[in-house]
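Note sheet for the following structure.
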Amino acid sequence: MSEYQYYEFTAVDRSLSVQEQTELRRYSSRARITPGGFVNEYHWGDLKADPLALLRHYFDAHVYSANWGTCRLLLRLPRSCFEEGTLADYAALVPENGPSSVYPPAFRALNNGEHWILEWWFNDESRSHDRFWIENDGPGWMTRLLPLREELLRGDTRPLYLGWLARVSEGEFDAGDSEPPLPAGLGALTPAQKALADFLLLDSDLIASAAVASPELPSPQAAESDIDDWLATQAAETLRAPLRLMLLGRSSEAERRLRGEFLAWQRTQRQMVSCPARRTLTVIESGVEMARSLRLEREREAREAEEAKQKAERASYLAGVAKQADRAWHDIDALLQRRTGAAYDEALQRLQDLAEALHAAERGQEFRRDLEKLLVTHAGRPAWMKRLDKAGLLR
């Protein structure tokens with residue numbers, strides 16, 4: 001099996017300048033470099049740069065996948081997005097110049113001064129996942145995963161919790177260790193969060209077990225009410241700075257500032273409401289088997305419902321065929337007149353449907369009688385008769 005590596009970088013908050021695109025060209029002569037990103041696939045060789053360094057200087061997101069079973073997602077966020085203590089609950093914290101590792105934690109946060117760089121990582125040591133070995137894994141992941149960055153900027157901690165579950169899957173914790181703060185809505189992941197779970201090959205039953213205690217997301221009406229309550233506490237002077245940023249064309253920065261202040265206020269309000277008690281890893285893992293049983297039961301019910309639907313649709317179709325039997329025989333005869341392999345195949349399919357329809361309508365003798373009439377005209381066609389014999393319609 002030949003080597004395959006996929007690198008994709010995306011700039012979100014600003015476009016790359018012409019000078020920056022020129023600088024990036026020295027790392028690859030074949031990469032597709034645009035104001036919005038950098039993409040390259042390698043079947044030999046490797047990227048002549050450290051992805052972390054490229055993220056620090058140029059980009060906001062990076063996806064990597066290699067066909068030996070390694071994948072990696074990096075997202076760069078402003079330091080103001082999360083307090084260090086919040087990230088420490090979920091991720092392994094690493095300083096900017098901290099020691100590198102061939103196998104880093106499954107989820108870590110790197111502090112490089114102005115930004116947090118969040119890294120989710122998976123390595124298929126068992127070499128048991130077809131995703132890496134059967135096809136080139138890489139293209140398409142950035143589109144699916146990039147919305148996570150906006151979700152994190154808006155204060156959604158579900159991607160952080162999924163990172164913690166990835167660390168659980170890699171055996172980074174003991175059975176008695178407690179989970180981090182449980183976010184609301186873990187049982188109703190966004191498409192990007194589902195993509196992250198797929199990317200990291202997280203056990204869906206582990207996620208379901210963890211989500212049992214997760215409260216529902218607040219309704220849109222409740223969210224709007226919180227915003228109105230917060231705005232009522234803000235002085236006009238406090239809002240002047242973000243409004244000025246918006247007028248200067250820095251609306252993303254203004255929104256981050258306002259949302260950060262709102263979320264900080266919202267957290268203080270929720271401290272007065274009882275939060276789910278933190279469970280030990282033992283408790284979460286004990287619920288995995290139950291989650292698996294429930295999932296398998298739902299899948300069984302869904303299969304049975306689909307089979308029943310298909311059966312009903314088939315019965316309705318066959319009833320229509322039986323009702324129009326004379327027309328069906330005419331169409332089969334017309335197809336046989338063409339004397340082509342494709343026409344014979346279509347005629348055979350229609351004849352099989354007609355046989356099933358008439359037998360279901362208890363008109364089997366009628367079918368045998370009219371088939372004999374058809375054979376009087378077309379029995380001299382060896383290719384057609386061979387098809388009938390193979391289908392068992394001559395017996």
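By order in the structure tokens, chains are A, B, ...; within a chain, residues start at 1; ligands start at 1, following the order shown.
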
| query | Could you name the residues that touch Ile134 (chain A) at 12 Å or less, counting only C-alpha atoms, but leaving out those on the same chain fewer than 5 positions away, as a VMD selection string? | reply | chain A and resid 1 to 2 4 66 to 69 127 to 129

Go ahead and save the picked residues with C-alpha atoms, as a compact mmCIF listing (two decimals), in the first residue's frame.
```txt
# COMPACT_ATOMS: atom_id res chain seq x y z
CA MET A 1 0.00 0.00 0.00
CA SER A 2 1.43 3.38 -1.02
CA TYR A 4 -0.86 8.90 1.62
CA ALA A 66 -2.59 9.75 6.89
CA ASN A 67 -3.33 6.27 5.63
CA TRP A 68 -1.34 4.64 8.41
CA GLY A 69 -4.27 5.55 10.68
CA ARG A 127 -5.09 -0.87 12.23
CA SER A 128 -8.69 -2.05 12.27
CA HIS A 129 -10.59 0.92 10.80
```

Arg387 (chain A): which residues within 12 Å, counting only C-alpha atoms, same-chain residues fewer than 3 positions away excluded, as a PDB file with N, CA and C atoms, in the first residue's frame?
```pdb
ATOM      1  N   GLY A 341     -30.129  -7.628 -26.246  1.00  0.00           N
ATOM      2  CA  GLY A 341     -29.901  -8.145 -24.897  1.00  0.00           C
ATOM      3  C   GLY A 341     -30.543  -7.269 -23.839  1.00  0.00           C
ATOM      4  N   ALA A 342     -30.436  -5.946 -23.993  1.00  0.00           N
ATOM      5  CA  ALA A 342     -31.015  -5.031 -23.015  1.00  0.00           C
ATOM      6  C   ALA A 342     -32.535  -5.169 -22.977  1.00  0.00           C
ATOM      7  N   ALA A 343     -33.150  -5.322 -24.161  1.00  0.00           N
ATOM      8  CA  ALA A 343     -34.603  -5.479 -24.215  1.00  0.00           C
ATOM      9  C   ALA A 343     -35.026  -6.793 -23.576  1.00  0.00           C
ATOM     10  N   TYR A 344     -34.252  -7.861 -23.814  1.00  0.00           N
ATOM     11  CA  TYR A 344     -34.579  -9.156 -23.196  1.00  0.00           C
ATOM     12  C   TYR A 344     -34.499  -9.052 -21.667  1.00  0.00           C
ATOM     13  N   ASP A 345     -33.479  -8.343 -21.169  1.00  0.00           N
ATOM     14  CA  ASP A 345     -33.330  -8.196 -19.707  1.00  0.00           C
ATOM     15  C   ASP A 345     -34.520  -7.452 -19.117  1.00  0.00           C
ATOM     16  N   GLU A 346     -34.942  -6.378 -19.774  1.00  0.00           N
ATOM     17  CA  GLU A 346     -36.074  -5.609 -19.257  1.00  0.00           C
ATOM     18  C   GLU A 346     -37.363  -6.423 -19.343  1.00  0.00           C
ATOM     19  N   ALA A 347     -37.515  -7.175 -20.444  1.00  0.00           N
ATOM     20  CA  ALA A 347     -38.711  -8.007 -20.592  1.00  0.00           C
ATOM     21  C   ALA A 347     -38.766  -9.067 -19.493  1.00  0.00           C
ATOM     22  N   LEU A 348     -37.621  -9.649 -19.167  1.00  0.00           N
ATOM     23  CA  LEU A 348     -37.589 -10.663 -18.117  1.00  0.00           C
ATOM     24  C   LEU A 348     -37.985 -10.065 -16.770  1.00  0.00           C
ATOM     25  N   GLN A 349     -37.487  -8.867 -16.460  1.00  0.00           N
ATOM     26  CA  GLN A 349     -37.838  -8.230 -15.199  1.00  0.00           C
ATOM     27  C   GLN A 349     -39.342  -7.966 -15.120  1.00  0.00           C
ATOM     28  N   LEU A 351     -41.643  -9.581 -16.747  1.00  0.00           N
ATOM     29  CA  LEU A 351     -42.333 -10.865 -16.686  1.00  0.00           C
ATOM     30  C   LEU A 351     -42.295 -11.434 -15.265  1.00  0.00           C
ATOM     31  N   GLN A 352     -41.152 -11.277 -14.587  1.00  0.00           N
ATOM     32  CA  GLN A 352     -41.050 -11.751 -13.205  1.00  0.00           C
ATOM     33  C   GLN A 352     -42.002 -10.971 -12.289  1.00  0.00           C
ATOM     34  N   ALA A 379     -40.538 -18.327 -28.842  1.00  0.00           N
ATOM     35  CA  ALA A 379     -39.740 -19.474 -28.400  1.00  0.00           C
ATOM     36  C   ALA A 379     -38.507 -19.687 -29.264  1.00  0.00           C
ATOM     37  N   ARG A 381     -36.218 -17.650 -29.968  1.00  0.00           N
ATOM     38  CA  ARG A 381     -35.136 -16.726 -29.626  1.00  0.00           C
ATOM     39  C   ARG A 381     -34.281 -17.380 -28.525  1.00  0.00           C
ATOM     40  N   PRO A 382     -33.135 -17.974 -28.880  1.00  0.00           N
ATOM     41  CA  PRO A 382     -32.332 -18.731 -27.888  1.00  0.00           C
ATOM     42  C   PRO A 382     -31.924 -17.887 -26.684  1.00  0.00           C
ATOM     43  N   ALA A 383     -31.517 -16.641 -26.921  1.00  0.00           N
ATOM     44  CA  ALA A 383     -31.058 -15.797 -25.809  1.00  0.00           C
ATOM     45  C   ALA A 383     -32.202 -15.526 -24.833  1.00  0.00           C
ATOM     46  N   TRP A 384     -33.400 -15.340 -25.388  1.00  0.00           N
ATOM     47  CA  TRP A 384     -34.572 -15.100 -24.537  1.00  0.00           C
ATOM     48  C   TRP A 384     -34.953 -16.357 -23.756  1.00  0.00           C
ATOM     49  N   LYS A 390     -33.131 -19.908 -16.963  1.00  0.00           N
ATOM     50  CA  LYS A 390     -32.301 -19.572 -15.805  1.00  0.00           C
ATOM     51  C   LYS A 390     -33.160 -18.961 -14.691  1.00  0.00           C
ATOM     52  N   ALA A 391     -34.210 -18.236 -15.046  1.00  0.00           N
ATOM     53  CA  ALA A 391     -35.091 -17.612 -14.057  1.00  0.00           C
ATOM     54  C   ALA A 391     -36.117 -18.601 -13.492  1.00  0.00           C
ATOM     55  N   GLY A 392     -36.132 -19.820 -14.055  1.00  0.00           N
ATOM     56  CA  GLY A 392     -37.072 -20.837 -13.551  1.00  0.00           C
ATOM     57  C   GLY A 392     -38.487 -20.643 -14.045  1.00  0.00           C
ATOM     58  N   LEU A 393     -38.673 -19.906 -15.118  1.00  0.00           N
ATOM     59  CA  LEU A 393     -40.028 -19.642 -15.598  1.00  0.00           C
ATOM     60  C   LEU A 393     -40.505 -20.675 -16.611  1.00  0.00           C
ATOM     61  N   LEU A 394     -39.639 -21.603 -16.998  1.00  0.00           N
ATOM     62  CA  LEU A 394     -40.042 -22.647 -17.929  1.00  0.00           C
ATOM     63  C   LEU A 394     -40.446 -23.928 -17.210  1.00  0.00           C
TER      64      LEU A 394
END
```

| task | Measuring atom to atom with only C-alpha atoms, identify which of A:Ile207, A:Ala325, A:Cys81, A:Leu231 is nearest to Thr157 (chain A). | result |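 Among A:Ile207, A:Ala325, A:Cys81, A:Leu231, it is A:Cys81 that comes nearest to Thr157 (chain A).
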
| query | Out of A:Val376, A:Ala291, A:Ala184, A:Leu248, which residue has the shortest atom-to-atom distance to Ser219 (chain A) when counting only C-alpha atoms? | reply |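 Using only C-alpha atoms, Ser219 (chain A) sits closest to A:Ala184.
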
| Per DSSP on the backbone, what are the strand (DSSP E or B) residues of region 77-171 of chain A, as JSON, numbers by chain? | {"A": [77, 78, 92, 93, 94, 95, 107, 108, 109, 110, 111, 115, 116, 117, 118, 119, 120, 121, 122, 123, 138, 140]}

| Suppose you want the space between CA of Trp329 (chain A) and CA of Asp353 (chain A); what is it in Å? |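 Pair CA of Trp329 (chain A) / CA of Asp353 (chain A) returns 11.2 Å.
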